[in-house]
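These notes concern the structure reproduced below.
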4 protein chains.
Amino acid sequence: MYSFLNDYSEGAHPLVLDALLKTNHIQSVGYGNDEYCEKAREVIRDRIGNQNADIHFLVGGTQTNLTFISHVLSDYEAVISSDEGHINVHETGAIEGTGHKVLTHPHDNGKLTVEMIDKIVSSHTDEHMVLPRMVYISQTTEFGTYYTLNELKDIYEYCQKHDLYLFIDGARLGSAIVLDDAPKFKDLGQYCDAFYIGGTKMGALFGEALVILNDNIKKHFRFQLKQKGAMLAKGRLLGVQFYALLKDCLYEKIGEHENEMANLLREGLKEYELYCPSSTNQLFVDLPDTVVEHIEKEYQIIRMKSLGNGYTRIRMVTSWATQKEEVLKFNEYVKLIK
Amino acid sequence: MYSFLNDYSEGAHPLVLDALLKTNHIQSVGYGNDEYCEKAREVIRDRIGNQNADIHFLVGGTQTNLTFISHVLSDYEAVISSDEGHINVHETGAIEGTGHKVLTHPHDNGKLTVEMIDKIVSSHTDEHMVLPRMVYISQTTEFGTYYTLNELKDIYEYCQKHDLYLFIDGARLGSAIVLDDAPKFKDLGQYCDAFYIGGTKMGALFGEALVILNDNIKKHFRFQLKQKGAMLAKGRLLGVQFYALLKDCLYEKIGEHENEMANLLREGLKEYELYCPSSTNQLFVDLPDTVVEHIEKEYQIIRMKSLGNGYTRIRMVTSWATQKEEVLKFNEYVKLIK
Amino acid sequence: MYSFLNDYSEGAHPLVLDALLKTNHIQSVGYGNDEYCEKAREVIRDRIGNQNADIHFLVGGTQTNLTFISHVLSDYEAVISSDEGHINVHETGAIEGTGHKVLTHPHDNGKLTVEMIDKIVSSHTDEHMVLPRMVYISQTTEFGTYYTLNELKDIYEYCQKHDLYLFIDGARLGSAIVLDDAPKFKDLGQYCDAFYIGGTKMGALFGEALVILNDNIKKHFRFQLKQKGAMLAKGRLLGVQFYALLKDCLYEKIGEHENEMANLLREGLKEYELYCPSSTNQLFVDLPDTVVEHIEKEYQIIRMKSLGNGYTRIRMVTSWATQKEEVLKFNEYVKLIK
Amino acid sequence: MYSFLNDYSEGAHPLVLDALLKTNHIQSVGYGNDEYCEKAREVIRDRIGNQNADIHFLVGGTQTNLTFISHVLSDYEAVISSDEGHINVHETGAIEGTGHKVLTHPHDNGKLTVEMIDKIVSSHTDEHMVLPRMVYISQTTEFGTYYTLNELKDIYEYCQKHDLYLFIDGARLGSAIVLDDAPKFKDLGQYCDAFYIGGTKMGALFGEALVILNDNIKKHFRFQLKQKGAMLAKGRLLGVQFYALLKDCLYEKIGEHENEMANLLREGLKEYELYCPSSTNQLFVDLPDTVVEHIEKEYQIIRMKSLGNGYTRIRMVTSWATQKEEVLKFNEYVKLIK
């Protein structure tokens, strides 16, 4: 049964795997102090156009979020997120587990706006309430939408005026970065305080590259990494993979492929209504329950929510490994259902 | 420069890497619910002779320690360790970071004894002090020594009588498990409450297999895993590796190789005094400073401590990848120094 | 300027203070193990009709909430509260500070309903989300309303069916307990897992009496108390005060007085709209901004929120110390404004 | 049975209680923002000769330690204490409960020395270990000894050179402050980063006055206070008490009385060996077991430790309330035993 469940169903992109194979027997020092990590850092600094960035490699997304957010916030400080933000819903309270409240506002098309952030900030007025200190957004969002460059600039400007750090969860960054009006690497190097370049969902076996831009929050991060169990012994594995992904724009090529496959799926499902429509690698479609049942005979997809009117919202996701022929087969299959 | 720094200087054992390659394109569900993890769990349950064990796969040792220990202990409970225990010294306060005190006693030859544990337990008498609830030991220890089967049984018996959980950090378990009087997998499945089978230092790219035997501490562990950022998205990578390591005793073969290489090094250094002598894959030798300096011209080793009398204690470690010819070269080189 | 700001503007009720004076020079053991605390425990057990209750005395409300909630919940477990619950808004993230998420639903008249709780419970389905394990309600609520006995029974029944603990924050319990359809002490001893009898806002200098009914969550609570800095050295001060408050129903008399004074104020403001109307010791009134300004020339009150239509919502609170003559003067003064 | 168990067996000094009585009916704002707290702050600033100090009032010692230490330290930072320090042994892991390791060295006569501190600091060398960032000492110490002004200056000088904050737990400060070579209030206002003036054990019903001198660690402390449940609603109670204790040197008078009573006891026990001898309000004596048993027929004392040679180490403590006539009676009684 072919799976459109997510973008981590397969292993690594062949070029990434190849890089791991080629370096497997070479000795290097541990914990991210090796030459492969250093080369990957150089490539990232070049690509984001910011030589002053600190770059750390972690293994997974929840780990990166909890390690970085707890690093930045003081005990009584809180992070602002959309109500559907990954840190609010799908990390089993990892942020609260480090002692910090997540302040939320219902999302608009998967996104936070300056108005929402301001509503939270202006309602926190004294020491009997937590102190909002960071804004967390995901690019792409949990619903496959993305922040345009202008939206990002607006949020960053607000954050700077209100003493808030802006942190971007880039688990699926590659799917956004190739879109015309979305921020590119160079923009990310300029319009936030920190972001991470997702690897796990973008063709690596695993790994996220955390890029810290603001000097105020860089200090002693390696202590935090180690304490949170996030410092990989064979850290070179992360350096090798990110170097492979970023040096020749493999990262963007994967993003383009994912989006192309997702758009093909959208084409096949065009008579149904998309939820939070976009052109990234996640699609959410409201399908008649009978169609869902038929699809599930041959394909793995996720049911998000029964809409209660004979319709169900489903999610499908494409990855570096999604094969065009499988997508076309799916589209044919859906046609037959009707 | 050849490195004897540690057992994570190289990538994975070729058979492990091969298993990853072969399964790379196959789709599977995420987060450790895949068939590879299930197969690895079956092999482990068979090998430890305990079909009732819960088995979870994590990425690294500090992560495993902090996730498991914080899972078991209530807020006011503490874990007992030797003063040189990894959780006490080399995890940047990861255990305290989850809210728990580490109670320590100076080690004897790297090890805790029943007497030491009892001294701590009997001095904690009321609610103004933490409640000791777990004993943490490492097999092999931080100084390369190991607990014999009899020592393990004694400690476990004490723990059972005093309502303490016994947890074994097996980061380097393979180096101990092949020694005659050390506990085997079947013993580990019987004489402790939980232990982990180290992968990172035993030929995997990364990964530790946590085996929970005591029913009282099994519940909801996957929630804990997720919250601590320890649930790998492509969990199958862990299953694939542990299956490769354990199904045909590759794990033990690696342990034997490591020990053989370490014993060869001991032979080459036999005129110097070993600290905490044993026959596992770590050796600690007290060398004249001049010898250390000479070695460091050609080899990477760790200086543990200046002994202040013209001598320095150094550590050398062997791994699955340590080549016999390099060890022999080293021994030749050391002979020349003298 | 007379203050209707809150119910902790003055010291202790004269009878409470008197009890402290009379026992001041007597020696007793510390930390709540003294005879005064024991006597207070006996009175409480009698009054709630439950001889099996564990009773602990703490100093303040936030302290009681954070100490008890963190005692009950495992790392990945969460507590359900209304969006305006004290633990969610006005404790500076104290619950998150101990590692736990607060799951919220918008309140209805200050209260949670079974439907709201069920909505939260039924949307938490797997280990990627926190596990709801406790329901927190306040009696009276943050808006001066209260749960009737029937409402309490319904919530408790739901909690028992769904493996949730029910905890009642009784900071202002005395104001509810004297109302006809509200649960009495005997009911509280039966229809929840734990509750606290507020002292600070009910005539004590300070202090809250935590009553734990469910055996599953009693163990080792004194360790938790000590760890959270909540075990008072001169614990007797708490025993003395609660004994004075509870032995001859002074507690209820204070509640009745507060409510009577609040009802008098409601009478004086009867031409304006009450928000969340009730007959407890807090009143919330939507007043024309000009009226608010006039009142503030002579009285201290709290502005809750500008309603944006020339009206402002204010809060007034009565206490054991509120003098009838001052209330009548206020009512006269308000008449003059008009 | 008369008690020499501790210095919190009775209520408050009559002058302190009187001040509470006189102000009981006056209305004031809550949470420490009232005029009484302000007056107490002014007196403290004057007495320590430092107008730039931030002063916060808390309820108890463990609470003060955990709130302040967690405020100052980043996640991966640790506090240095003697092995017998209150935070290390008798606070049920309160500091670890906030996420921080306590690094210890065996004490010398109850005290830490610069050499001990340096041994800990110099052995923490990289991000795999916690970062020592604070030194915690108690004045008087857990064994009744005290730091001289010169010892304090030496430790503070070391701390400043090594980027460590120096924090003094002054639970029993009054007993030290009246001794010739001990630091006075003016010295404390100069030679540390923060300290607290103990009230609970010095004649108050409860309360500790935390004095923060270093600007770097002052910010947002009230948020921390609230989050840790340490902000008293009727904060005025703390202001009233500290003003009464400090305005006319009642604090010093209590210290002198305590010491005088303790010295009388020492006189009565002069034929036995004192442990950690000093002239403060705690005395530790090694008595024959038979003598201990006789004393316990008429007096409450604490057995610290059986010395195993027919001797037991006991502790006796004097307080503001210790009556000279009771001490003389005790001395007579002890004479009779012999």
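Each chain in the structure tokens gets a letter, A, B and so on, in the order shown; residues start at 1 in every chain, and ligands are counted from 1 in the order they appear.
The neighbours of region 172-174 of chain C here are the residues that come within 7 Å of it, using only C-alpha atoms and leaving out any residue fewer than 3 positions away in the same chain; they are Gln139, Thr140, Ile177, Val178, Ile197, Gly198, Lys201, Met202, Tyr251, Glu252 and Gly255 of chain C.
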Within 8 Å of chain D: each chain A residue with its shortest pair, only C-alpha atoms, as a Markdown table:
```
| residue | atom | partner | partner_atom | distance |
| --- | --- | --- | --- | --- |
| A:Ser70 | CA | D:Asp75 | CA | 7.9 |
| A:His71 | CA | D:Asp75 | CA | 7.2 |
| A:Ser74 | CA | D:Ser74 | CA | 7.8 |
| A:Asp75 | CA | D:Gln224 | CA | 7.1 |
| A:Tyr76 | CA | D:Gln224 | CA | 6.1 |
| A:Glu127 | CA | D:Phe223 | CA | 4.6 |
| A:His128 | CA | D:Lys226 | CA | 6.3 |
| A:Met129 | CA | D:Phe223 | CA | 7.7 |
| A:Val130 | CA | D:Phe223 | CA | 7.3 |
| A:His220 | CA | D:Glu127 | CA | 7.9 |
| A:Arg222 | CA | D:Glu127 | CA | 6.1 |
| A:Phe223 | CA | D:Glu127 | CA | 4.6 |
| A:Gln224 | CA | D:Tyr76 | CA | 6.1 |
| A:Lys226 | CA | D:His128 | CA | 6.3 |
| A:Gln227 | CA | D:Tyr76 | CA | 6.7 |
```
Kindly export the residues of the current selection with N, CA, C and O atoms, as a compact mmCIF listing (two decimals), in the first residue's frame.
```txt
# COMPACT_ATOMS: atom_id res chain seq x y z
N SER A 70 13.91 26.75 25.61
CA SER A 70 14.29 26.81 27.03
C SER A 70 15.62 27.53 27.21
O SER A 70 15.89 28.08 28.28
N HIS A 71 16.45 27.54 26.18
CA HIS A 71 17.71 28.27 26.28
C HIS A 71 17.47 29.78 26.34
O HIS A 71 18.13 30.50 27.07
N SER A 74 13.78 33.03 30.20
CA SER A 74 13.93 32.95 31.65
C SER A 74 12.71 32.25 32.21
O SER A 74 11.68 32.13 31.54
N ASP A 75 12.81 31.81 33.48
CA ASP A 75 11.78 30.95 34.07
C ASP A 75 10.35 31.43 33.84
O ASP A 75 9.45 30.64 33.58
N TYR A 76 10.14 32.71 33.95
CA TYR A 76 8.78 33.29 33.95
C TYR A 76 8.39 33.81 32.56
O TYR A 76 7.38 34.49 32.42
N GLU A 127 3.38 41.34 36.84
CA GLU A 127 4.15 40.17 37.28
C GLU A 127 3.28 39.03 37.77
O GLU A 127 3.81 37.99 38.17
N HIS A 128 1.97 39.20 37.74
CA HIS A 128 1.10 38.07 38.08
C HIS A 128 0.82 37.21 36.86
O HIS A 128 0.18 36.16 36.95
N MET A 129 1.30 37.67 35.72
CA MET A 129 1.14 36.92 34.48
C MET A 129 2.54 36.66 33.90
O MET A 129 3.49 37.36 34.22
N VAL A 130 2.63 35.64 33.06
CA VAL A 130 3.92 35.39 32.41
C VAL A 130 4.31 36.57 31.52
O VAL A 130 3.47 37.39 31.16
N HIS A 220 26.76 29.98 25.38
CA HIS A 220 26.68 28.71 26.13
C HIS A 220 25.64 27.75 25.59
O HIS A 220 25.20 26.86 26.31
N ARG A 222 25.96 25.30 23.69
CA ARG A 222 26.42 23.90 23.70
C ARG A 222 26.19 23.23 25.08
O ARG A 222 25.98 22.02 25.15
N PHE A 223 26.24 24.00 26.13
CA PHE A 223 25.88 23.44 27.44
C PHE A 223 24.41 22.98 27.42
O PHE A 223 24.08 21.92 27.92
N GLN A 224 23.57 23.83 26.88
CA GLN A 224 22.15 23.51 26.81
C GLN A 224 21.91 22.26 25.97
O GLN A 224 21.14 21.37 26.35
N LYS A 226 23.89 19.79 25.40
CA LYS A 226 24.30 18.58 26.11
C LYS A 226 23.29 18.24 27.19
O LYS A 226 22.90 17.08 27.35
N GLN A 227 22.86 19.24 27.95
CA GLN A 227 21.95 18.96 29.06
C GLN A 227 20.63 18.36 28.59
O GLN A 227 20.03 17.53 29.26
```
Report task. Determine, counting only C-alpha atoms, which protein, DNA and RNA residues have an atom within 6 Å of an atom of Asn281 (chain D); residues of the same chain fewer than 5 positions away are not included. Present the result as a VMD selection string. Result -> chain D and resid 258 to 259 262 317 to 318
Per DSSP on the backbone, what are the strand (DSSP E or B) residues of region 98-251 of chain C, as a PDB file with N, CA and C atoms, in the first residue's frame?
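Written file, states.pdb:
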```
ATOM      1  N   VAL C 102      -1.337  23.532  30.970  1.00  0.00           N
ATOM      2  CA  VAL C 102      -2.710  23.818  31.370  1.00  0.00           C
ATOM      3  C   VAL C 102      -3.543  23.846  30.094  1.00  0.00           C
ATOM      4  N   LEU C 103      -4.506  22.931  30.007  1.00  0.00           N
ATOM      5  CA  LEU C 103      -5.381  22.854  28.834  1.00  0.00           C
ATOM      6  C   LEU C 103      -6.645  23.651  29.136  1.00  0.00           C
ATOM      7  N   THR C 104      -7.047  24.524  28.224  1.00  0.00           N
ATOM      8  CA  THR C 104      -8.141  25.430  28.576  1.00  0.00           C
ATOM      9  C   THR C 104      -9.286  25.406  27.581  1.00  0.00           C
ATOM     10  N   HIS C 105     -10.423  25.848  28.083  1.00  0.00           N
ATOM     11  CA  HIS C 105     -11.606  26.062  27.255  1.00  0.00           C
ATOM     12  C   HIS C 105     -12.216  27.382  27.712  1.00  0.00           C
ATOM     13  N   ASP C 108     -17.842  29.537  30.760  1.00  0.00           N
ATOM     14  CA  ASP C 108     -19.233  29.960  30.640  1.00  0.00           C
ATOM     15  C   ASP C 108     -19.635  30.497  32.014  1.00  0.00           C
ATOM     16  N   LYS C 111     -17.362  29.431  34.621  1.00  0.00           N
ATOM     17  CA  LYS C 111     -17.290  28.016  34.962  1.00  0.00           C
ATOM     18  C   LYS C 111     -16.920  27.092  33.798  1.00  0.00           C
ATOM     19  N   LEU C 131      -1.341  14.214  28.170  1.00  0.00           N
ATOM     20  CA  LEU C 131      -2.415  13.366  28.677  1.00  0.00           C
ATOM     21  C   LEU C 131      -3.200  14.145  29.744  1.00  0.00           C
ATOM     22  N   PRO C 132      -4.448  14.518  29.454  1.00  0.00           N
ATOM     23  CA  PRO C 132      -5.229  15.244  30.471  1.00  0.00           C
ATOM     24  C   PRO C 132      -5.461  14.332  31.670  1.00  0.00           C
ATOM     25  N   ARG C 133      -5.185  14.828  32.888  1.00  0.00           N
ATOM     26  CA  ARG C 133      -5.280  13.932  34.042  1.00  0.00           C
ATOM     27  C   ARG C 133      -5.969  14.568  35.242  1.00  0.00           C
ATOM     28  N   MET C 134      -6.177  15.887  35.168  1.00  0.00           N
ATOM     29  CA  MET C 134      -6.794  16.563  36.306  1.00  0.00           C
ATOM     30  C   MET C 134      -7.706  17.668  35.787  1.00  0.00           C
ATOM     31  N   VAL C 135      -8.798  17.898  36.535  1.00  0.00           N
ATOM     32  CA  VAL C 135      -9.652  19.054  36.270  1.00  0.00           C
ATOM     33  C   VAL C 135      -9.523  19.999  37.457  1.00  0.00           C
ATOM     34  N   TYR C 136      -9.278  21.262  37.155  1.00  0.00           N
ATOM     35  CA  TYR C 136      -9.136  22.297  38.183  1.00  0.00           C
ATOM     36  C   TYR C 136     -10.292  23.273  38.068  1.00  0.00           C
ATOM     37  N   ILE C 137     -11.051  23.424  39.148  1.00  0.00           N
ATOM     38  CA  ILE C 137     -12.089  24.456  39.176  1.00  0.00           C
ATOM     39  C   ILE C 137     -11.924  25.284  40.448  1.00  0.00           C
ATOM     40  N   SER C 138     -12.451  26.500  40.423  1.00  0.00           N
ATOM     41  CA  SER C 138     -12.382  27.367  41.597  1.00  0.00           C
ATOM     42  C   SER C 138     -13.778  27.595  42.146  1.00  0.00           C
ATOM     43  N   TYR C 165      -8.482  13.412  37.949  1.00  0.00           N
ATOM     44  CA  TYR C 165      -8.644  13.881  39.322  1.00  0.00           C
ATOM     45  C   TYR C 165      -9.353  15.230  39.303  1.00  0.00           C
ATOM     46  N   LEU C 166     -10.251  15.424  40.254  1.00  0.00           N
ATOM     47  CA  LEU C 166     -10.934  16.714  40.373  1.00  0.00           C
ATOM     48  C   LEU C 166     -10.385  17.465  41.577  1.00  0.00           C
ATOM     49  N   PHE C 167      -9.873  18.657  41.322  1.00  0.00           N
ATOM     50  CA  PHE C 167      -9.261  19.490  42.368  1.00  0.00           C
ATOM     51  C   PHE C 167      -9.968  20.837  42.415  1.00  0.00           C
ATOM     52  N   ILE C 168     -10.383  21.239  43.608  1.00  0.00           N
ATOM     53  CA  ILE C 168     -11.115  22.500  43.770  1.00  0.00           C
ATOM     54  C   ILE C 168     -10.266  23.520  44.520  1.00  0.00           C
ATOM     55  N   ASP C 169     -10.039  24.642  43.869  1.00  0.00           N
ATOM     56  CA  ASP C 169      -9.338  25.767  44.474  1.00  0.00           C
ATOM     57  C   ASP C 169     -10.360  26.547  45.283  1.00  0.00           C
ATOM     58  N   ALA C 194      -9.630  16.285  45.792  1.00  0.00           N
ATOM     59  CA  ALA C 194      -8.917  17.164  46.712  1.00  0.00           C
ATOM     60  C   ALA C 194      -9.494  18.566  46.579  1.00  0.00           C
ATOM     61  N   PHE C 195      -9.398  19.325  47.633  1.00  0.00           N
ATOM     62  CA  PHE C 195      -9.810  20.734  47.569  1.00  0.00           C
ATOM     63  C   PHE C 195      -9.036  21.479  48.635  1.00  0.00           C
ATOM     64  N   TYR C 196      -9.010  22.818  48.510  1.00  0.00           N
ATOM     65  CA  TYR C 196      -8.402  23.527  49.641  1.00  0.00           C
ATOM     66  C   TYR C 196      -9.357  24.567  50.206  1.00  0.00           C
ATOM     67  N   ILE C 197      -9.276  24.705  51.508  1.00  0.00           N
ATOM     68  CA  ILE C 197     -10.087  25.667  52.247  1.00  0.00           C
ATOM     69  C   ILE C 197      -9.246  26.931  52.371  1.00  0.00           C
ATOM     70  N   GLY C 198      -9.635  27.967  51.659  1.00  0.00           N
ATOM     71  CA  GLY C 198      -8.849  29.196  51.653  1.00  0.00           C
ATOM     72  C   GLY C 198      -8.914  29.920  52.986  1.00  0.00           C
ATOM     73  N   GLU C 208      -3.743  28.202  53.699  1.00  0.00           N
ATOM     74  CA  GLU C 208      -4.734  27.426  52.964  1.00  0.00           C
ATOM     75  C   GLU C 208      -4.631  25.990  53.491  1.00  0.00           C
ATOM     76  N   ALA C 209      -5.776  25.367  53.687  1.00  0.00           N
ATOM     77  CA  ALA C 209      -5.791  23.987  54.195  1.00  0.00           C
ATOM     78  C   ALA C 209      -6.135  23.044  53.047  1.00  0.00           C
ATOM     79  N   LEU C 210      -5.140  22.288  52.624  1.00  0.00           N
ATOM     80  CA  LEU C 210      -5.334  21.354  51.512  1.00  0.00           C
ATOM     81  C   LEU C 210      -5.863  20.030  52.043  1.00  0.00           C
ATOM     82  N   VAL C 211      -6.972  19.576  51.480  1.00  0.00           N
ATOM     83  CA  VAL C 211      -7.624  18.347  51.913  1.00  0.00           C
ATOM     84  C   VAL C 211      -7.530  17.326  50.777  1.00  0.00           C
ATOM     85  N   ILE C 212      -6.803  16.255  50.998  1.00  0.00           N
ATOM     86  CA  ILE C 212      -6.641  15.231  49.963  1.00  0.00           C
ATOM     87  C   ILE C 212      -7.486  14.024  50.344  1.00  0.00           C
TER      88      ILE C 212
END
```
**Report entry** Filtered DSSP result for region 73-309 of chain B, state helix (DSSP H, G or I), as a PyMOL selection string
**Finding:** chain B and resi 86-89+94-97+114-122+149-161+173-177+185-188+200-202+215-217+221-227+236-246+250-268+289-298
**Report entry** Residues near region 10-27 of chain D, cut-off 9 Å, only C-alpha atoms, skip fewer than 6 positions along chain, as a PyMOL selection string
**Finding:** (chain C and resi 2-3+8-14+17+20-21+23-29+234+236-237+321) or (chain D and resi 200+202-206+237+240-245+250+254+319-321)
Writer output for current selection, N, CA and C atoms, as a CSV table (one decimal), in the first residue's frame:
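What ended up in again39.csv:
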```csv
chain,number,residue,atom,x,y,z
C,2,TYR,N,-11.2,54.6,51.1
C,2,TYR,CA,-11.6,53.2,51.4
C,2,TYR,C,-11.4,52.2,50.2
C,3,SER,N,-11.0,51.0,50.6
C,3,SER,CA,-10.7,50.1,49.5
C,3,SER,C,-11.7,48.9,49.4
C,8,TYR,N,-8.0,40.8,50.8
C,8,TYR,CA,-6.7,40.6,51.6
C,8,TYR,C,-6.1,42.0,51.9
C,9,SER,N,-6.9,43.0,52.0
C,9,SER,CA,-6.4,44.3,52.3
C,9,SER,C,-6.1,44.5,53.8
C,10,GLU,N,-6.8,43.8,54.6
C,10,GLU,CA,-6.5,43.9,56.1
C,10,GLU,C,-5.8,42.7,56.6
C,11,GLY,N,-5.5,42.7,57.9
C,11,GLY,CA,-4.9,41.6,58.5
C,11,GLY,C,-5.9,40.4,58.8
C,12,ALA,N,-5.8,39.9,60.0
C,12,ALA,CA,-6.7,38.8,60.3
C,12,ALA,C,-7.9,39.2,61.1
C,13,HIS,N,-8.9,38.3,61.1
C,13,HIS,CA,-10.1,38.5,61.9
C,13,HIS,C,-9.7,38.5,63.4
C,14,PRO,N,-10.3,39.4,64.2
C,14,PRO,CA,-9.8,39.5,65.6
C,14,PRO,C,-9.8,38.2,66.3
C,17,LEU,N,-6.6,36.4,65.3
C,17,LEU,CA,-5.4,37.1,65.8
C,17,LEU,C,-5.3,36.7,67.3
C,20,LEU,N,-3.7,33.5,67.9
C,20,LEU,CA,-2.3,33.5,67.7
C,20,LEU,C,-1.6,34.1,68.9
C,21,LEU,N,-2.2,35.2,69.4
C,21,LEU,CA,-1.6,35.8,70.6
C,21,LEU,C,-1.5,34.9,71.8
C,23,THR,N,-1.3,31.8,72.0
C,23,THR,CA,-0.4,30.6,71.9
C,23,THR,C,1.0,31.0,71.6
C,24,ASN,N,1.2,32.3,71.6
C,24,ASN,CA,2.5,32.8,71.0
C,24,ASN,C,3.7,32.2,71.8
C,25,HIS,N,3.6,32.1,73.1
C,25,HIS,CA,4.8,31.8,73.9
C,25,HIS,C,5.0,30.3,74.1
C,26,ILE,N,4.0,29.5,73.7
C,26,ILE,CA,4.0,28.1,73.9
C,26,ILE,C,5.0,27.4,72.9
C,27,GLN,N,5.8,26.5,73.4
C,27,GLN,CA,6.7,25.8,72.5
C,27,GLN,C,6.0,24.7,71.8
C,28,SER,N,6.4,24.5,70.6
C,28,SER,CA,5.9,23.3,69.8
C,28,SER,C,6.9,22.9,68.8
C,29,VAL,N,6.7,21.7,68.3
C,29,VAL,CA,7.6,21.2,67.2
C,29,VAL,C,7.2,21.9,65.9
C,234,LYS,N,7.3,27.5,61.4
C,234,LYS,CA,6.4,27.6,62.5
C,234,LYS,C,5.0,27.2,62.1
C,236,ARG,N,2.7,25.6,63.3
C,236,ARG,CA,1.6,25.8,64.3
C,236,ARG,C,0.7,27.0,64.0
C,237,LEU,N,1.3,28.1,63.4
C,237,LEU,CA,0.6,29.3,63.1
C,237,LEU,C,-0.6,29.0,62.2
C,321,ALA,N,-13.6,42.1,56.9
C,321,ALA,CA,-13.4,43.4,57.6
C,321,ALA,C,-14.3,44.5,57.0
D,200,THR,N,12.4,34.3,60.4
D,200,THR,CA,11.7,33.1,61.0
D,200,THR,C,12.4,32.7,62.3
D,202,MET,N,14.6,34.5,63.9
D,202,MET,CA,15.2,35.6,64.6
D,202,MET,C,14.0,36.5,65.2
D,203,GLY,N,12.9,35.9,65.6
D,203,GLY,CA,11.9,36.6,66.3
D,203,GLY,C,10.7,37.0,65.5
D,204,ALA,N,10.7,36.8,64.2
D,204,ALA,CA,9.5,37.0,63.4
D,204,ALA,C,8.6,35.8,63.5
D,205,LEU,N,7.3,36.0,63.2
D,205,LEU,CA,6.4,34.8,63.0
D,205,LEU,C,6.9,34.0,61.8
D,206,PHE,N,7.4,34.7,60.8
D,206,PHE,CA,7.9,34.1,59.6
D,206,PHE,C,8.5,35.2,58.8
D,237,LEU,N,2.4,42.0,56.1
D,237,LEU,CA,2.8,41.3,57.3
D,237,LEU,C,4.3,41.2,57.4
D,240,VAL,N,5.8,44.9,58.0
D,240,VAL,CA,5.6,45.3,59.4
D,240,VAL,C,6.6,44.6,60.3
D,241,GLN,N,6.8,43.3,60.1
D,241,GLN,CA,7.7,42.5,61.0
D,241,GLN,C,9.2,43.0,60.8
D,242,PHE,N,9.6,43.1,59.6
D,242,PHE,CA,11.0,43.5,59.4
D,242,PHE,C,11.3,44.9,59.9
D,243,TYR,N,10.3,45.8,59.7
D,243,TYR,CA,10.5,47.1,60.2
D,243,TYR,C,10.6,47.1,61.7
D,244,ALA,N,9.8,46.3,62.4
D,244,ALA,CA,9.9,46.2,63.9
D,244,ALA,C,11.2,45.6,64.3
D,245,LEU,N,11.7,44.6,63.5
D,245,LEU,CA,13.0,44.0,63.9
D,245,LEU,C,14.2,44.9,63.7
D,250,LEU,N,16.4,45.8,67.2
D,250,LEU,CA,15.8,44.6,67.9
D,250,LEU,C,16.5,43.3,67.4
D,254,ILE,N,18.2,40.5,69.8
D,254,ILE,CA,17.8,39.1,69.8
D,254,ILE,C,19.0,38.2,69.5
D,319,SER,N,16.9,30.7,71.3
D,319,SER,CA,16.1,31.7,70.4
D,319,SER,C,15.8,32.9,71.2
D,320,TRP,N,15.1,33.9,70.6
D,320,TRP,CA,14.7,35.1,71.2
D,320,TRP,C,13.9,34.8,72.5
D,321,ALA,N,13.3,33.6,72.6
D,321,ALA,CA,12.4,33.2,73.6
D,321,ALA,C,13.0,32.4,74.7
```
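Counting only C-alpha atoms and comparing C:Pro277, C:Gly207, C:Leu307, C:Lys253, the residue that lies closest to Ala233 (chain D) is C:Gly207.
From CA of Glu298 (chain C) back to CA of Glu325 (chain C), the distance works out to 14.8 Å.
Nearest to Leu179 (chain D) of all the residues D:Cys159, D:Cys249, D:Ile217, D:Leu149 is D:Leu149, counting only C-alpha atoms.
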Query - Selection: 9 Å around Lys335 (chain C), only C-alpha atoms, excl. self and same-chain fewer than 3 positions, as a PyMOL selection string - result: chain C and resi 268-269+330-332+338
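Between CA of Lys186 (chain A) and CA of Arg41 (chain A) there is a distance of 14.7 Å.
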**Report entry** Close residues, Gly235 (chain D) itself excluded, 6 Å, only C-alpha atoms, min 3 positions apart in chain, as a PyMOL selection string
**Finding:** chain D and resi 30-32+232+238
Query - Neighbour list for Lys101 (chain B) as a PyMOL selection string, cut-off 7 Å, only C-alpha atoms, skip fewer than 2 positions in-chain - result: (chain B and resi 78-79+96+99+103) or (chain D and resi 93+96)
